[in-house]
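Source file: upload-v6.txt. Holds: compact mmCIF, C-alpha atoms.
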```txt
# COMPACT_ATOMS: atom_id res chain seq x y z
CA MET Q 1 58.23 -22.82 30.12
CA THR Q 2 57.61 -19.38 28.72
CA PRO Q 3 54.20 -18.53 27.30
CA GLN Q 4 55.67 -18.00 23.87
CA LEU Q 5 57.27 -21.45 23.85
CA HIS Q 6 54.00 -22.93 25.03
CA ASN Q 7 52.09 -21.24 22.20
CA SER Q 8 54.54 -22.41 19.61
CA LEU Q 9 54.45 -25.96 20.88
CA LEU Q 10 50.64 -25.98 20.78
CA ILE Q 11 50.56 -24.59 17.27
CA GLY Q 12 53.22 -27.03 16.16
CA ALA Q 13 51.22 -29.92 17.60
CA VAL Q 14 48.07 -28.84 15.78
CA LEU Q 15 49.98 -28.45 12.52
CA PHE Q 16 51.64 -31.84 12.94
CA VAL Q 17 48.29 -33.53 13.55
CA PHE Q 18 46.87 -31.89 10.43
CA GLY Q 19 49.78 -33.26 8.46
CA THR Q 20 49.40 -36.73 9.96
CA VAL Q 21 45.68 -36.93 9.31
CA GLY Q 22 46.17 -35.64 5.80
CA PHE Q 23 48.88 -38.17 5.09
CA LEU Q 24 46.69 -40.99 6.37
CA THR Q 25 43.45 -40.01 4.68
CA ARG Q 26 44.31 -38.44 1.35
CA ARG Q 27 44.80 -40.62 -1.69
CA ASN Q 28 46.33 -38.13 -4.09
CA LEU Q 29 50.11 -38.49 -4.09
CA ILE Q 30 50.76 -34.77 -4.43
CA VAL Q 31 48.48 -33.87 -1.52
CA MET Q 32 50.11 -36.57 0.60
CA PHE Q 33 53.46 -35.00 -0.19
CA LEU Q 34 52.14 -31.58 0.85
CA SER Q 35 50.95 -33.11 4.13
CA VAL Q 36 54.45 -34.40 4.82
CA GLU Q 37 55.75 -30.90 4.21
CA LEU Q 38 53.21 -29.67 6.75
CA MET Q 39 54.64 -32.05 9.34
CA LEU Q 40 58.16 -30.86 8.56
CA GLN Q 41 57.02 -27.29 9.01
CA ALA Q 42 55.57 -28.13 12.43
CA VAL Q 43 58.88 -29.62 13.49
CA ALA Q 44 60.72 -26.54 12.23
CA LEU Q 45 58.36 -24.37 14.28
CA ASN Q 46 59.18 -26.38 17.41
CA LEU Q 47 62.91 -26.19 16.74
CA ILE Q 48 62.84 -22.43 16.37
CA ALA Q 49 60.69 -22.02 19.46
CA PHE Q 50 63.08 -24.08 21.57
CA GLY Q 51 66.06 -22.21 20.17
CA HIS Q 52 64.40 -18.94 21.09
CA ALA Q 53 63.52 -20.15 24.56
CA TYR Q 54 67.01 -21.40 25.32
CA GLY Q 55 68.59 -18.31 23.87
CA ASN Q 56 70.89 -19.85 21.27
CA PHE Q 57 70.89 -20.41 17.53
CA GLN Q 58 71.03 -24.18 17.42
CA GLY Q 59 67.35 -24.38 16.61
CA GLN Q 60 67.63 -22.04 13.66
CA ALA Q 61 70.67 -23.92 12.36
CA PHE Q 62 68.73 -27.17 12.54
CA THR Q 63 65.86 -25.53 10.71
CA VAL Q 64 68.19 -24.65 7.86
CA PHE Q 65 69.03 -28.34 7.54
CA VAL Q 66 65.38 -29.28 7.71
CA LEU Q 67 64.77 -26.90 4.82
CA THR Q 68 67.62 -28.47 2.87
CA VAL Q 69 66.32 -31.98 3.34
CA ALA Q 70 62.81 -30.83 2.48
CA ALA Q 71 64.06 -29.37 -0.79
CA CYS Q 72 65.87 -32.61 -1.70
CA GLU Q 73 62.82 -34.62 -0.76
CA ALA Q 74 60.58 -32.42 -2.89
CA ALA Q 75 62.80 -32.87 -5.95
CA ILE Q 76 63.05 -36.65 -5.63
CA ALA Q 77 59.39 -37.09 -4.73
CA LEU Q 78 58.11 -35.06 -7.65
CA VAL Q 79 60.25 -36.86 -10.20
CA LEU Q 80 59.09 -40.19 -8.77
CA PHE Q 81 55.47 -39.04 -9.05
CA LEU Q 82 56.12 -38.20 -12.68
CA ALA Q 83 57.57 -41.67 -13.30
CA ILE Q 84 54.61 -43.30 -11.56
CA TYR Q 85 52.15 -41.19 -13.48
CA GLN Q 86 53.68 -42.14 -16.80
CA GLN Q 87 53.19 -45.81 -15.99
CA ARG Q 88 49.62 -45.87 -14.75
CA LYS Q 89 48.22 -42.45 -15.68
CA THR Q 90 46.85 -41.85 -12.20
CA LEU Q 91 47.97 -40.27 -8.95
CA ASP Q 92 45.91 -42.59 -6.78
CA VAL Q 93 48.10 -44.13 -4.11
CA SER Q 94 45.88 -47.16 -3.62
CA ILE Q 95 46.76 -48.33 -7.13
CA TRP Q 96 50.22 -49.03 -5.79
CA HIS Q 97 49.26 -51.34 -2.96
CA GLU Q 98 50.63 -54.30 -4.84
CA LEU Q 99 53.95 -52.63 -5.41
CA GLY Q 100 55.84 -55.63 -4.07
CA GLU Q 101 56.61 -58.38 -6.51
CA VAL Q 102 55.36 -61.88 -5.80
CA ASP Q 103 58.33 -64.12 -5.43
CA ILE Q 104 58.49 -67.81 -4.60
CA ARG Q 105 60.70 -68.80 -1.71
CA GLU Q 106 62.15 -72.21 -1.29
CA ASP Q 107 60.23 -72.99 1.89
CA GLU Q 108 56.82 -72.32 0.42
CA PRO Q 109 54.50 -75.25 -0.18
CA GLU Q 110 54.69 -76.97 -3.46
CA ARG Q 111 51.18 -76.14 -4.55
CA THR Q 112 52.01 -72.46 -4.58
CA LYS Q 113 54.72 -73.14 -7.09
CA VAL Q 114 52.36 -75.25 -9.11
CA ALA Q 115 49.73 -72.54 -8.99
CA MET Q 116 52.22 -69.93 -10.06
CA GLN Q 117 53.23 -71.88 -13.15
CA THR Q 118 51.21 -71.15 -16.23
CA GLU Q 119 50.07 -74.13 -18.18
CA PRO Q 120 50.77 -74.03 -21.88
CA VAL Q 121 47.50 -73.37 -23.63
CA PRO Q 122 47.00 -75.70 -26.63
CA PRO Q 123 46.31 -73.80 -29.79
CA GLN Q 124 42.65 -73.85 -30.61
CA ASP Q 125 41.19 -73.00 -33.95
CA PHE Q 126 37.51 -72.24 -33.99
CA GLU Q 127 35.35 -72.55 -37.02
CA ILE Q 128 34.32 -69.35 -38.65
CA LEU Q 129 30.62 -69.39 -39.30
CA THR Q 130 29.27 -67.56 -42.27
CA PRO Q 131 26.49 -65.11 -41.35
CA ALA Q 132 23.11 -66.41 -42.38
CA GLY Q 133 19.55 -65.22 -42.18
CA ARG Q 134 18.07 -61.85 -41.45
CA GLU Q 135 19.89 -59.51 -39.09
CA PRO Q 136 17.97 -59.19 -35.79
CA VAL Q 137 16.39 -55.82 -35.00
CA LEU Q 138 16.65 -54.45 -31.47
CA PRO Q 139 13.55 -53.03 -29.71
CA ASN Q 140 14.77 -49.46 -30.20
CA GLY Q 141 14.92 -50.01 -33.89
CA SER Q 142 18.64 -49.94 -34.68
CA PRO Q 143 20.05 -53.08 -36.24
CA LYS Q 144 22.37 -55.02 -33.99
CA THR Q 145 25.91 -54.58 -35.14
CA ARG Q 146 28.58 -57.14 -34.64
CA GLU Q 147 30.82 -54.76 -32.68
CA GLY Q 148 28.03 -53.95 -30.28
CA ALA Q 149 27.34 -57.61 -29.68
CA SER Q 150 30.96 -58.42 -28.98
CA SER Q 151 31.42 -55.49 -26.63
CA ARG Q 152 28.26 -56.42 -24.76
CA ALA Q 153 29.57 -59.92 -24.31
CA MET V 154 64.42 -27.89 33.71
CA LEU V 155 62.39 -25.83 31.34
CA LEU V 156 59.51 -28.18 30.75
CA ALA V 157 58.69 -29.27 34.28
CA GLU V 158 57.76 -26.27 36.31
CA GLU V 159 54.47 -26.98 37.94
CA ALA V 160 51.73 -29.43 37.24
CA THR V 161 48.26 -27.98 37.24
CA ALA V 162 45.34 -30.36 37.04
CA VAL V 163 42.30 -28.13 36.92
CA ASN V 164 39.63 -30.17 35.10
CA LEU V 165 42.02 -30.52 32.20
CA PRO V 166 40.39 -33.47 30.47
CA MET V 167 37.12 -31.60 30.16
CA ALA V 168 38.64 -28.42 28.84
CA LEU V 169 41.02 -30.31 26.62
CA GLY V 170 38.60 -32.85 25.25
CA LEU V 171 35.93 -30.40 24.11
CA PRO V 172 37.81 -28.60 21.32
CA ILE V 173 39.47 -31.74 20.07
CA VAL V 174 36.28 -33.78 19.96
CA LEU V 175 34.39 -30.93 18.33
CA GLY V 176 37.14 -30.47 15.79
CA ALA V 177 37.26 -34.17 15.00
CA ILE V 178 33.48 -34.32 14.53
CA GLY V 179 33.52 -31.27 12.29
CA TYR V 180 36.37 -32.71 10.27
CA LEU V 181 34.54 -36.01 9.86
CA LEU V 182 31.35 -34.25 8.77
CA ALA V 183 33.30 -32.14 6.31
CA VAL V 184 34.98 -35.22 4.88
CA ALA V 185 31.75 -37.18 4.73
CA SER V 186 29.81 -34.57 2.79
CA PRO V 187 30.33 -35.32 -0.86
CA LEU V 188 30.39 -31.77 -2.19
CA ARG V 189 32.53 -30.14 0.53
CA ARG V 190 32.29 -26.48 1.54
CA LYS V 191 28.51 -26.75 1.55
CA SER V 192 28.20 -28.58 4.83
CA VAL V 193 26.73 -26.29 7.49
CA PRO V 194 26.99 -28.67 10.50
CA ALA V 195 30.65 -29.29 9.74
CA GLY V 196 31.31 -25.57 9.64
CA VAL V 197 29.43 -24.99 12.90
CA CYS V 198 31.35 -27.80 14.60
CA LEU V 199 34.71 -26.51 13.40
CA LEU V 200 33.86 -22.96 14.45
CA CYS V 201 32.81 -24.13 17.92
CA ALA V 202 36.02 -26.14 18.15
CA ALA V 203 38.08 -23.08 17.26
CA ILE V 204 36.27 -20.88 19.78
CA SER V 205 36.51 -23.42 22.61
CA GLY V 206 40.15 -24.03 21.77
CA TRP V 207 40.77 -20.32 21.96
CA VAL V 208 38.99 -20.08 25.34
CA PHE V 209 41.01 -23.03 26.57
CA TRP V 210 44.25 -21.51 25.38
CA TRP V 211 43.69 -17.97 26.55
CA TRP V 212 44.93 -16.87 29.90
CA PRO V 213 44.81 -13.36 31.36
CA GLY V 214 47.82 -11.14 31.53
CA GLN V 215 49.61 -12.06 28.36
CA PRO V 216 51.19 -9.29 26.33
CA PRO V 217 48.48 -7.74 24.14
CA VAL V 218 50.40 -7.26 20.91
CA GLU V 219 52.05 -10.66 20.91
CA GLY V 220 48.83 -12.32 21.97
CA ALA V 221 46.89 -10.68 19.17
CA LEU V 222 49.54 -11.58 16.58
CA CYS V 223 49.68 -15.11 17.86
CA VAL V 224 45.91 -15.47 17.67
CA ALA V 225 45.87 -14.04 14.15
CA PHE V 226 48.62 -16.31 12.82
CA ALA V 227 47.29 -19.35 14.64
CA SER V 228 43.75 -18.92 13.40
CA LEU V 229 44.99 -18.37 9.84
CA MET V 230 47.13 -21.46 10.09
CA VAL V 231 44.46 -23.70 11.57
CA ALA V 232 41.80 -22.54 9.13
CA CYS V 233 44.06 -23.02 6.14
CA GLY V 234 45.36 -26.37 7.35
CA CYS V 235 41.82 -27.60 7.78
CA GLY V 236 40.85 -26.23 4.40
CA MET V 237 43.81 -27.95 2.80
CA GLN V 238 42.92 -31.34 4.21
CA VAL V 239 39.23 -31.07 3.42
CA GLU V 240 39.63 -29.64 -0.05
CA ALA V 241 38.95 -32.08 -2.87
CA ASN V 242 40.72 -30.23 -5.66
CA PRO V 243 44.52 -30.63 -5.41
CA VAL V 244 45.13 -27.21 -6.95
CA TYR V 245 43.21 -25.51 -4.16
CA ALA V 246 44.93 -27.76 -1.63
CA ALA V 247 48.28 -26.45 -2.79
CA LEU V 248 47.00 -22.87 -2.43
CA TRP V 249 45.83 -23.56 1.13
CA PHE V 250 49.24 -25.07 1.82
CA ALA V 251 50.91 -21.85 0.68
CA LEU V 252 48.81 -19.88 3.17
CA VAL V 253 49.78 -22.27 5.97
CA ILE V 254 53.44 -21.71 5.12
CA LEU V 255 52.92 -17.96 5.20
CA SER V 256 51.43 -18.10 8.68
CA THR V 257 54.28 -20.29 9.96
CA CYS V 258 56.66 -17.68 8.60
CA GLY V 259 54.80 -15.16 10.72
CA PHE V 260 55.50 -17.34 13.75
CA PHE V 261 59.16 -17.56 12.76
CA LEU V 262 59.30 -13.75 12.70
CA MET V 263 57.76 -13.61 16.16
CA GLU V 264 60.42 -15.99 17.40
CA GLY V 265 63.16 -13.72 16.13
CA ALA V 266 64.13 -15.91 13.18
CA ALA V 267 63.94 -13.38 10.38
CA PHE V 268 66.39 -15.12 8.09
CA ILE V 269 64.66 -18.49 8.41
CA SER V 270 61.35 -16.80 7.73
CA ALA V 271 62.60 -15.26 4.49
CA ALA V 272 64.37 -18.47 3.45
CA THR V 273 61.26 -20.52 4.08
CA ILE V 274 59.16 -18.22 1.96
CA ILE V 275 61.71 -18.35 -0.86
CA VAL V 276 62.23 -22.12 -0.76
CA TYR V 277 58.60 -22.99 -0.39
CA ALA V 278 57.51 -20.45 -2.96
CA GLY V 279 59.74 -22.23 -5.45
CA ALA V 280 58.62 -25.64 -4.28
CA ILE V 281 54.96 -24.68 -4.40
CA ILE V 282 55.29 -23.27 -7.90
CA VAL V 283 56.86 -26.55 -9.03
CA THR V 284 54.12 -28.50 -7.27
CA PHE V 285 51.55 -26.35 -9.01
CA LEU V 286 53.15 -27.16 -12.31
CA PHE V 287 52.85 -30.84 -11.50
CA VAL V 288 49.27 -30.55 -10.37
CA ILE V 289 48.30 -28.66 -13.48
CA MET V 290 50.18 -31.10 -15.70
CA LEU V 291 48.95 -34.28 -14.12
CA ALA V 292 45.57 -33.54 -12.63
CA ARG V 293 44.15 -31.06 -15.08
CA GLN V 294 42.56 -33.50 -17.46
CA THR V 295 40.71 -35.32 -14.73
CA GLY V 296 39.74 -32.41 -12.49
CA SER V 297 38.92 -33.56 -8.98
CA SER V 298 38.84 -37.28 -9.59
CA ILE V 299 37.29 -39.99 -7.50
CA TYR V 300 40.39 -40.59 -5.44
CA ASP V 301 40.43 -36.94 -4.43
CA ARG V 302 36.87 -37.10 -3.17
CA ARG V 303 36.83 -40.48 -1.42
CA PHE V 304 39.11 -40.57 1.59
CA ARG V 305 40.87 -43.57 3.01
CA ASN V 306 39.63 -44.65 6.45
CA PRO V 307 38.67 -41.17 7.68
CA LEU V 308 37.15 -42.29 10.99
CA LEU V 309 40.18 -44.25 12.13
CA SER V 310 42.70 -41.65 11.00
CA ILE V 311 40.88 -38.71 12.52
CA SER V 312 40.39 -40.42 15.86
CA LEU V 313 44.06 -41.35 15.83
CA GLY V 314 44.99 -37.74 15.07
CA GLY V 315 42.70 -36.45 17.80
CA LEU V 316 44.25 -38.83 20.30
CA LEU V 317 47.75 -37.74 19.30
CA LEU V 318 46.78 -34.08 19.65
CA ALA V 319 45.18 -34.68 23.05
CA VAL V 320 48.28 -36.43 24.39
CA LEU V 321 50.56 -33.70 23.06
CA VAL V 322 48.49 -30.82 24.42
CA TYR V 323 48.04 -32.55 27.77
CA SER V 324 51.77 -33.05 28.15
CA PHE V 325 52.42 -29.42 27.25
CA GLN V 326 49.77 -28.38 29.71
CA GLN V 327 51.53 -30.17 32.54
CA ALA V 328 54.04 -27.33 32.36
CA ARG V 329 51.51 -24.53 32.12
CA PRO V 330 53.18 -21.12 31.73
CA VAL V 331 53.02 -18.94 34.79
CA GLY V 332 52.31 -15.62 33.15
CA ALA V 333 55.04 -13.23 32.17
CA VAL V 334 57.38 -14.17 35.00
CA ALA V 335 59.15 -16.88 33.08
CA ALA V 336 59.45 -14.73 30.00
CA ALA V 337 62.19 -12.64 31.55
CA GLY V 338 64.75 -15.36 31.11
CA ALA V 339 64.02 -15.83 27.43
CA LEU V 340 66.28 -14.62 24.71
CA THR V 341 65.77 -11.08 23.58
CA ALA V 342 66.99 -12.07 20.17
CA LEU V 343 65.63 -9.06 18.38
CA GLU V 344 68.21 -6.81 19.98
CA VAL V 345 71.20 -8.56 18.48
CA ASP V 346 72.02 -9.12 14.83
CA THR V 347 70.31 -12.43 14.31
CA VAL V 348 71.58 -13.04 10.78
CA MET V 349 75.18 -12.61 11.87
CA GLN V 350 74.63 -14.88 14.86
CA LEU V 351 72.98 -17.48 12.68
CA GLY V 352 75.88 -17.27 10.25
CA ASN V 353 78.26 -17.86 13.14
CA ALA V 354 76.24 -20.81 14.30
CA LEU V 355 76.10 -22.30 10.80
CA PHE V 356 79.60 -21.69 9.49
CA VAL V 357 81.58 -21.97 12.71
CA ASP V 358 79.78 -24.51 14.86
CA HIS V 359 78.14 -26.59 12.13
CA LEU V 360 80.54 -26.18 9.23
CA TRP V 361 80.75 -29.87 8.41
CA SER V 362 77.00 -30.21 8.54
CA VAL V 363 76.68 -27.38 6.04
CA GLU V 364 79.12 -29.11 3.72
CA ILE V 365 77.26 -32.39 4.03
CA ALA V 366 73.97 -30.65 3.37
CA GLY V 367 75.48 -29.19 0.20
CA VAL V 368 76.62 -32.64 -0.90
CA LEU V 369 73.13 -33.95 -0.17
CA LEU V 370 71.60 -31.29 -2.41
CA LEU V 371 74.04 -32.14 -5.19
CA VAL V 372 73.34 -35.86 -4.94
CA ALA V 373 69.61 -35.22 -4.92
CA THR V 374 69.97 -33.16 -8.09
CA PHE V 375 71.90 -35.95 -9.80
CA GLY V 376 69.40 -38.54 -8.64
CA THR V 377 66.49 -36.50 -9.92
CA ILE V 378 68.06 -36.06 -13.33
CA LEU V 379 68.94 -39.76 -13.50
CA ILE V 380 65.41 -40.86 -12.65
CA ALA V 381 63.95 -38.42 -15.16
CA ILE V 382 66.24 -39.68 -17.95
CA GLN V 383 65.45 -43.32 -17.16
CA THR V 384 61.75 -42.59 -17.14
CA ARG V 385 61.97 -40.94 -20.52
CA GLU V 386 63.89 -43.90 -21.97
CA ASP V 387 61.34 -46.32 -20.57
CA ALA V 388 58.50 -44.35 -21.99
CA ALA V 389 60.11 -44.10 -25.41
```

Render the structure in this file as structure tokens.
Amino acid sequence: MTPQLHNSLLIGAVLFVFGTVGFLTRRNLIVMFLSVELMLQAVALNLIAFGHAYGNFQGQAFTVFVLTVAACEAAIALVLFLAIYQQRKTLDVSIWHELGEVDIREDEPERTKVAMQTEPVPPQDFEILTPAGREPVLPNGSPKTREGASSRA
Amino acid sequence: MLLAEEATAVNLPMALGLPIVLGAIGYLLAVASPLRRKSVPAGVCLLCAAISGWVFWWWPGQPPVEGALCVAFASLMVACGCGMQVEANPVYAALWFALVILSTCGFFLMEGAAFISAATIIVYAGAIIVTFLFVIMLARQTGSSIYDRRFRNPLLSISLGGLLLAVLVYSFQQARPVGAVAAAGALTALEVDTVMQLGNALFVDHLWSVEIAGVLLLVATFGTILIAIQTREDAA
């Protein structure tokens, strides 16, 4: 192993670990995407180093394909982020933990099916009370409004 | 075989473990501090990790110019990669990422891959500008929000990353380079026309792969436009 190959492999390993840790720890979708690009770049570095060490151009040719796939991935990923953002107005990845839909299989116990069914709620009509008496005054002096009371409840 | 020349086992675990453990501790401290970039112990730990890593990596008798270039690019890359992962603001993270890409392009140049270096800069410059656009569009109104500042499972992830790095570096170290002797057999790629050779490799040896890559780009473009149109119809 030549010293240059050794250096490139070391650097590629460090870069790959940065990308991995970033992908695991970050919660912003865009930064996670950048971390994946970091890992791709580390792999490209290794490919070029091996191509240089073996004295052919296979590594560089592979790197061109890595670049191509990275460009495709960037386009698709960014448009998906845009779609996600328009639904929930956030880039937090932990919002999307429950991405899978809950479905009922045939072999599941019966109570799950019962629990999944929503009972029809009977229509209730409450009496509307007319306001009576003096309006209560809060300790800070402002009269208690009805909106404030409902929002506090 | 290129990778298995001679196994040297001179107190490797000690020399190897020190920079990685120091780096992991510094990283954890930097992540744990709420305000970032104000944490002195994290900075000291990371600096010590960089210095010990450099001492561990350095061996006498390597070519001075290449060694200096390698150290410069590597330190730029490691510093910017660390900054990118610690940074809370996604806009700055994208800027750090651009610097990391620049330093990898420096490595590509050192490996005699001038065309790939230029292509990477062009492709990633475009990609980073688009990413910037997205960051500014989507994250501007919130600034650095709570999910940018609170990390997910930092202890577990960083120890996992440190373990991965230790295994990788140890396996590379099993085939420690023996000075400049082995370098004689390497390709002196800078003497030949690398772009022409790369063109030969791409359009003669890998012609079908190039075609398929072109089809992949086209399909990705169609898919992107389709998803964008559907999203707009859903939103409307």

Which residues come within 9 Å of V:Leu182, counting all atoms listed in the file, excluding same-chain residues fewer than 3 positions away, as a VMD selection string?
chain V and resid 177 to 179 185 to 186 192 194 to 196 198

Using all atoms listed in the file, what residues lie at most 12 Å away from (50.2, -34.1, 13.8) (file coordinates), given as a PyMOL selection string?
(chain Q and resi 9-24+35-43) or (chain V and resi 234+310-322)

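The spacing separating atom CA of V:Glu386 from atom CA of Q:Leu91 amounts to 20.9 Å.
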
May I ask you to extract the residues of chain Q within 6 Å of chain V, using only C-alpha atoms, and to give them as JSON, numbers by chain?
{"Q": [1, 2, 3, 17, 21, 22, 25, 26, 27, 52, 53, 55, 61, 72, 76, 83]}

Draw an axis-aligned box over all listed atoms of stretch 133-138 of chain Q, pad each side with 5 Å, and write its centre and edge lengths in Å, one decimal, as lines of an AutoDock Vina configuration file.
```
center_x = 18.1
center_y = -59.8
center_z = -36.8
size_x = 13.5
size_y = 20.8
size_z = 20.7
```

What's around V:Val208 at 12 Å? Count all atoms listed in the file, leave out sequence neighbours fewer than 6 positions away in its own chain, and write the answer as a PyMOL selection string.
chain V and resi 168-169+171-172+201-202+224

Just checking: using all atoms listed in the file, which residue out of Q:Pro123, Q:Leu29, Q:Val69, Q:Gly51 ends up closest to Q:Thr90?
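Comparing Q:Pro123, Q:Leu29, Q:Val69, Q:Gly51 against Q:Thr90, the winner is Q:Leu29.
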
Min atom-atom distance to V:Phe209 from the set V:Ile289, V:Ala271, V:Gly170, V:Gly259, counting only C-alpha atoms, belongs to V:Gly170

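We find atom CA of V:Cys233 and atom CA of V:Trp249 to be spaced 5.3 Å apart.
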
Rounded to one decimal place, report the atom CA of V:Ile282-atom CA of V:Leu262 distance in Å.
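So the answer is 23.0 Å.
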
Can you pull out the residues contacting Q:Ala49? Cut-off 9 Å, using only C-alpha atoms, and skip same-chain residues under 5 positions away; I want them as a PDB file with C-alpha atoms, in the frame of the given file.
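This went into around00.pdb:
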```pdb
ATOM      1  CA  GLN Q   4      55.670 -18.000  23.870  1.00  0.00           C
ATOM      2  CA  LEU Q   5      57.270 -21.450  23.850  1.00  0.00           C
ATOM      3  CA  HIS Q   6      54.000 -22.930  25.030  1.00  0.00           C
ATOM      4  CA  SER Q   8      54.540 -22.410  19.610  1.00  0.00           C
ATOM      5  CA  LEU Q   9      54.450 -25.960  20.880  1.00  0.00           C
ATOM      6  CA  ALA Q  44      60.720 -26.540  12.230  1.00  0.00           C
ATOM      7  CA  TYR Q  54      67.010 -21.400  25.320  1.00  0.00           C
ATOM      8  CA  GLY Q  59      67.350 -24.380  16.610  1.00  0.00           C
TER       9      GLY Q  59
ATOM     10  CA  PHE V 261      59.160 -17.560  12.760  1.00  0.00           C
ATOM     11  CA  GLU V 264      60.420 -15.990  17.400  1.00  0.00           C
TER      12      GLU V 264
END
```

For V:Trp361, which residue among Q:Glu127, Q:Phe65, Q:Ala132, Q:Ala74 is the nearest when counting only C-alpha atoms?
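Between Q:Glu127, Q:Phe65, Q:Ala132, Q:Ala74, the residue approaching V:Trp361 most closely is Q:Phe65.
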
Export stretch 47-66 of chain Q from the structure block above, keeping N, CA and C atoms, as a PDB file, in the first residue's frame.
```
ATOM      1  N   LEU Q  47     -12.537   5.603  -4.146  1.00  0.00           N
ATOM      2  CA  LEU Q  47     -12.500   5.058  -5.508  1.00  0.00           C
ATOM      3  C   LEU Q  47     -11.361   5.666  -6.299  1.00  0.00           C
ATOM      4  N   ILE Q  48     -11.224   6.987  -6.194  1.00  0.00           N
ATOM      5  CA  ILE Q  48     -10.170   7.655  -6.963  1.00  0.00           C
ATOM      6  C   ILE Q  48      -8.799   7.245  -6.448  1.00  0.00           C
ATOM      7  N   ALA Q  49      -8.686   7.086  -5.123  1.00  0.00           N
ATOM      8  CA  ALA Q  49      -7.387   6.691  -4.575  1.00  0.00           C
ATOM      9  C   ALA Q  49      -7.004   5.294  -5.052  1.00  0.00           C
ATOM     10  N   PHE Q  50      -7.963   4.373  -5.080  1.00  0.00           N
ATOM     11  CA  PHE Q  50      -7.639   3.024  -5.543  1.00  0.00           C
ATOM     12  C   PHE Q  50      -7.310   3.022  -7.027  1.00  0.00           C
ATOM     13  N   GLY Q  51      -8.071   3.829  -7.797  1.00  0.00           N
ATOM     14  CA  GLY Q  51      -7.761   3.914  -9.218  1.00  0.00           C
ATOM     15  C   GLY Q  51      -6.353   4.432  -9.451  1.00  0.00           C
ATOM     16  N   HIS Q  52      -5.966   5.413  -8.663  1.00  0.00           N
ATOM     17  CA  HIS Q  52      -4.629   5.981  -8.798  1.00  0.00           C
ATOM     18  C   HIS Q  52      -3.569   4.972  -8.387  1.00  0.00           C
ATOM     19  N   ALA Q  53      -3.856   4.199  -7.346  1.00  0.00           N
ATOM     20  CA  ALA Q  53      -2.863   3.247  -6.867  1.00  0.00           C
ATOM     21  C   ALA Q  53      -2.692   2.094  -7.842  1.00  0.00           C
ATOM     22  N   TYR Q  54      -3.777   1.670  -8.463  1.00  0.00           N
ATOM     23  CA  TYR Q  54      -3.675   0.554  -9.399  1.00  0.00           C
ATOM     24  C   TYR Q  54      -3.287   0.999 -10.801  1.00  0.00           C
ATOM     25  N   GLY Q  55      -3.291   2.302 -11.019  1.00  0.00           N
ATOM     26  CA  GLY Q  55      -2.807   2.792 -12.294  1.00  0.00           C
ATOM     27  C   GLY Q  55      -3.790   2.661 -13.436  1.00  0.00           C
ATOM     28  N   ASN Q  56      -5.089   2.634 -13.160  1.00  0.00           N
ATOM     29  CA  ASN Q  56      -6.042   2.665 -14.271  1.00  0.00           C
ATOM     30  C   ASN Q  56      -7.121   3.709 -13.994  1.00  0.00           C
ATOM     31  N   PHE Q  57      -8.099   3.780 -14.887  1.00  0.00           N
ATOM     32  CA  PHE Q  57      -9.088   4.842 -14.781  1.00  0.00           C
ATOM     33  C   PHE Q  57     -10.463   4.320 -14.370  1.00  0.00           C
ATOM     34  N   GLN Q  58     -10.492   3.098 -13.899  1.00  0.00           N
ATOM     35  CA  GLN Q  58     -11.782   2.543 -13.481  1.00  0.00           C
ATOM     36  C   GLN Q  58     -12.363   3.344 -12.318  1.00  0.00           C
ATOM     37  N   GLY Q  59     -11.495   3.725 -11.397  1.00  0.00           N
ATOM     38  CA  GLY Q  59     -11.976   4.460 -10.236  1.00  0.00           C
ATOM     39  C   GLY Q  59     -12.604   5.780 -10.619  1.00  0.00           C
ATOM     40  N   GLN Q  60     -11.947   6.484 -11.549  1.00  0.00           N
ATOM     41  CA  GLN Q  60     -12.509   7.775 -11.953  1.00  0.00           C
ATOM     42  C   GLN Q  60     -13.816   7.585 -12.698  1.00  0.00           C
ATOM     43  N   ALA Q  61     -13.901   6.518 -13.511  1.00  0.00           N
ATOM     44  CA  ALA Q  61     -15.154   6.265 -14.231  1.00  0.00           C
ATOM     45  C   ALA Q  61     -16.276   5.985 -13.233  1.00  0.00           C
ATOM     46  N   PHE Q  62     -15.969   5.197 -12.205  1.00  0.00           N
ATOM     47  CA  PHE Q  62     -16.990   4.930 -11.193  1.00  0.00           C
ATOM     48  C   PHE Q  62     -17.401   6.210 -10.494  1.00  0.00           C
ATOM     49  N   THR Q  63     -16.427   7.098 -10.270  1.00  0.00           N
ATOM     50  CA  THR Q  63     -16.757   8.341  -9.583  1.00  0.00           C
ATOM     51  C   THR Q  63     -17.713   9.186 -10.396  1.00  0.00           C
ATOM     52  N   VAL Q  64     -17.563   9.132 -11.732  1.00  0.00           N
ATOM     53  CA  VAL Q  64     -18.516   9.860 -12.572  1.00  0.00           C
ATOM     54  C   VAL Q  64     -19.926   9.326 -12.341  1.00  0.00           C
ATOM     55  N   PHE Q  65     -20.056   8.019 -12.211  1.00  0.00           N
ATOM     56  CA  PHE Q  65     -21.390   7.459 -11.977  1.00  0.00           C
ATOM     57  C   PHE Q  65     -21.901   7.806 -10.589  1.00  0.00           C
ATOM     58  N   VAL Q  66     -20.976   7.836  -9.626  1.00  0.00           N
ATOM     59  CA  VAL Q  66     -21.399   8.251  -8.282  1.00  0.00           C
ATOM     60  C   VAL Q  66     -21.939   9.674  -8.317  1.00  0.00           C
TER      61      VAL Q  66
END
```
